[in-house]
Amino acid sequence: MMLETRHSIPEILSRQRLFRGLDAAELARLARGTYEYRISKNEALFQKGDTPKGMHLVIAGQIKLFLPAANGAEMIVNMVGAGDVFGEEAVLSHKP
């Protein structure tokens, strides 16, 4: 079951530590470049080597960040949950 967010994107962004200092106009501008993704269990958001399209904020649930190991197993890098941000390093460095 997918959870529906009850808050606007600017309101959600304003609650994040990274964006708390922004005023309403800055939050609105940031929100215009923001997209909402609803990911199902076991669905991939991106793959290793993909060009970053932005940073990600988890609103509900968890996302497992992992790398494929040579033997076919997964090497878990991090587990991120509600309120966590990830992908900012790739965006700032312009590297996958």
# chains A, B, ... in the order shown; residues from 1 in each chain; ligands from 1
$ residues_around --residues "His56 in chain A" --least-positions-apart "2" --cutoff "8 Å" --atoms "only C-alpha atoms" --output "list of chain:residue names"
A:Gly54, A:Val58, A:Val85, A:Phe86, A:Gly87, A:Glu88
$ residues_around --residues "Gln16 in chain A" --least-positions-apart "6" --cutoff "12 Å" --atoms "only C-alpha atoms" --output "PyMOL selection string"
chain A and resi 9-10+22+27+56-59+82-85
$ write_last_selection --atoms "all heavy atoms" --output "mmCIF file, in the first residue's frame"
data_model
loop_
_atom_site.group_PDB
_atom_site.id
_atom_site.type_symbol
_atom_site.label_atom_id
_atom_site.label_comp_id
_atom_site.auth_asym_id
_atom_site.auth_seq_id
_atom_site.Cartn_x
_atom_site.Cartn_y
_atom_site.Cartn_z
ATOM 1 N N ILE A 9 4.903 20.000 -1.079
ATOM 2 C CA ILE A 9 6.347 19.820 -1.198
ATOM 3 C C ILE A 9 7.100 20.950 -0.497
ATOM 4 O O ILE A 9 8.044 20.671 0.246
ATOM 5 C CB ILE A 9 6.757 19.647 -2.673
ATOM 6 C CG1 ILE A 9 6.277 18.267 -3.154
ATOM 7 C CG2 ILE A 9 8.267 19.782 -2.846
ATOM 8 C CD1 ILE A 9 6.507 17.967 -4.609
ATOM 9 N N PRO A 10 6.717 22.241 -0.678
ATOM 10 C CA PRO A 10 7.441 23.280 0.071
ATOM 11 C C PRO A 10 7.390 23.083 1.589
ATOM 12 O O PRO A 10 8.374 23.309 2.282
ATOM 13 C CB PRO A 10 6.734 24.575 -0.341
ATOM 14 C CG PRO A 10 6.167 24.285 -1.680
ATOM 15 C CD PRO A 10 5.751 22.836 -1.608
ATOM 16 N N LEU A 22 15.622 28.600 4.464
ATOM 17 C CA LEU A 22 15.077 29.202 3.247
ATOM 18 C C LEU A 22 13.738 29.868 3.514
ATOM 19 O O LEU A 22 12.931 29.376 4.303
ATOM 20 C CB LEU A 22 14.904 28.129 2.163
ATOM 21 C CG LEU A 22 16.179 27.402 1.716
ATOM 22 C CD1 LEU A 22 15.839 26.380 0.642
ATOM 23 C CD2 LEU A 22 17.229 28.369 1.227
ATOM 24 N N LEU A 27 11.830 28.329 -1.058
ATOM 25 C CA LEU A 27 11.257 26.978 -0.983
ATOM 26 C C LEU A 27 10.365 26.697 -2.182
ATOM 27 O O LEU A 27 10.389 25.598 -2.734
ATOM 28 C CB LEU A 27 10.463 26.802 0.313
ATOM 29 C CG LEU A 27 11.296 26.662 1.580
ATOM 30 C CD1 LEU A 27 10.420 26.809 2.816
ATOM 31 C CD2 LEU A 27 12.042 25.339 1.591
ATOM 32 N N HIS A 56 17.832 12.906 -2.977
ATOM 33 C CA HIS A 56 16.571 12.264 -2.642
ATOM 34 C C HIS A 56 16.279 12.408 -1.157
ATOM 35 O O HIS A 56 17.175 12.288 -0.329
ATOM 36 C CB HIS A 56 16.629 10.782 -3.019
ATOM 37 C CG HIS A 56 16.937 10.563 -4.466
ATOM 38 N ND1 HIS A 56 15.964 10.571 -5.426
ATOM 39 C CD2 HIS A 56 18.102 10.368 -5.109
ATOM 40 C CE1 HIS A 56 16.524 10.371 -6.610
ATOM 41 N NE2 HIS A 56 17.820 10.256 -6.436
ATOM 42 N N LEU A 57 15.020 12.640 -0.850
ATOM 43 C CA LEU A 57 14.529 12.737 0.523
ATOM 44 C C LEU A 57 13.467 11.662 0.703
ATOM 45 O O LEU A 57 12.516 11.590 -0.074
ATOM 46 C CB LEU A 57 13.918 14.123 0.763
ATOM 47 C CG LEU A 57 13.093 14.313 2.029
ATOM 48 C CD1 LEU A 57 13.964 14.157 3.268
ATOM 49 C CD2 LEU A 57 12.420 15.677 2.008
ATOM 50 N N VAL A 58 13.652 10.809 1.691
ATOM 51 C CA VAL A 58 12.684 9.748 1.972
ATOM 52 C C VAL A 58 11.598 10.316 2.881
ATOM 53 O O VAL A 58 11.884 10.824 3.959
ATOM 54 C CB VAL A 58 13.367 8.537 2.646
ATOM 55 C CG1 VAL A 58 12.345 7.444 2.936
ATOM 56 C CG2 VAL A 58 14.492 8.004 1.767
ATOM 57 N N ILE A 59 10.353 10.247 2.426
ATOM 58 C CA ILE A 59 9.224 10.743 3.207
ATOM 59 C C ILE A 59 8.657 9.633 4.091
ATOM 60 O O ILE A 59 8.344 9.851 5.247
ATOM 61 C CB ILE A 59 8.104 11.302 2.292
ATOM 62 C CG1 ILE A 59 8.645 12.419 1.409
ATOM 63 C CG2 ILE A 59 6.904 11.770 3.106
ATOM 64 C CD1 ILE A 59 9.226 13.593 2.162
ATOM 65 N N ALA A 82 12.637 7.499 6.686
ATOM 66 C CA ALA A 82 11.883 8.751 6.659
ATOM 67 C C ALA A 82 12.703 9.895 7.240
ATOM 68 O O ALA A 82 13.263 9.775 8.319
ATOM 69 C CB ALA A 82 10.576 8.590 7.423
ATOM 70 N N GLY A 83 12.787 10.988 6.476
ATOM 71 C CA GLY A 83 13.540 12.159 6.890
ATOM 72 C C GLY A 83 14.982 12.163 6.450
ATOM 73 O O GLY A 83 15.663 13.176 6.543
ATOM 74 N N ASP A 84 15.475 11.031 5.948
ATOM 75 C CA ASP A 84 16.865 10.942 5.502
ATOM 76 C C ASP A 84 17.008 11.446 4.067
ATOM 77 O O ASP A 84 16.111 11.264 3.235
ATOM 78 C CB ASP A 84 17.379 9.508 5.570
ATOM 79 C CG ASP A 84 17.522 8.995 6.990
ATOM 80 O OD1 ASP A 84 17.711 9.820 7.911
ATOM 81 O OD2 ASP A 84 17.456 7.771 7.175
ATOM 82 N N VAL A 85 18.155 12.048 3.792
ATOM 83 C CA VAL A 85 18.502 12.537 2.459
ATOM 84 C C VAL A 85 19.672 11.707 1.958
ATOM 85 O O VAL A 85 20.573 11.363 2.719
ATOM 86 C CB VAL A 85 18.896 14.031 2.524
ATOM 87 C CG1 VAL A 85 19.393 14.533 1.185
ATOM 88 C CG2 VAL A 85 17.734 14.874 3.010
#
$ atom_distance --atom1 "CA of Ala69 in chain A" --atom2 "CA of Gln47 in chain A"
13.5 Å
$ select_by_dssp --residues "chain A" --states "alpha helix (DSSP H)" --output "list in words"
Ile9, Pro10, Glu11, Ile12, Leu13, Ser14, Ala24, Ala25, Glu26, Leu27, Ala28, Arg29, Leu30, Ala31, Arg32, Glu88, Glu89, Ala90, Val91, Leu92 and Ser93 of chain A
$ residues_around --residues "Asp50 in chain A" --least-positions-apart "5" --cutoff "12 Å" --atoms "only C-alpha atoms" --output "list in words"
Ala44, Leu45, Gly87, Ala90, Val91, His94, Lys95 and Pro96 of chain A
$ closest_residue --among "A:Val80, A:Met75, A:Leu18, A:Ala28" --to "Gly61 in chain A" --atoms "only C-alpha atoms"
A:Val80
$ atom_distance --atom1 "CA of Ile39 in chain A" --atom2 "CA of Ala60 in chain A"
10.4 Å
$ select_by_dssp --residues "chain A" --states "strand (DSSP E or B)" --output "VMD selection string"
chain A and resid 56 to 57 62 to 68 74 to 81 85 to 86
$ atom_distance --atom1 "CA of Glu26 in chain A" --atom2 "CA of Ile12 in chain A"
13.4 Å
$ closest_residue --among "A:Ala31, A:Met55, A:Ala25, A:Leu13" --to "Glu89 in chain A" --atoms "only C-alpha atoms"
A:Met55
$ closest_residue --among "A:Asn71, A:Gln62, A:Asn78, A:Thr51" --to "Leu92 in chain A" --atoms "only C-alpha atoms"
A:Thr51
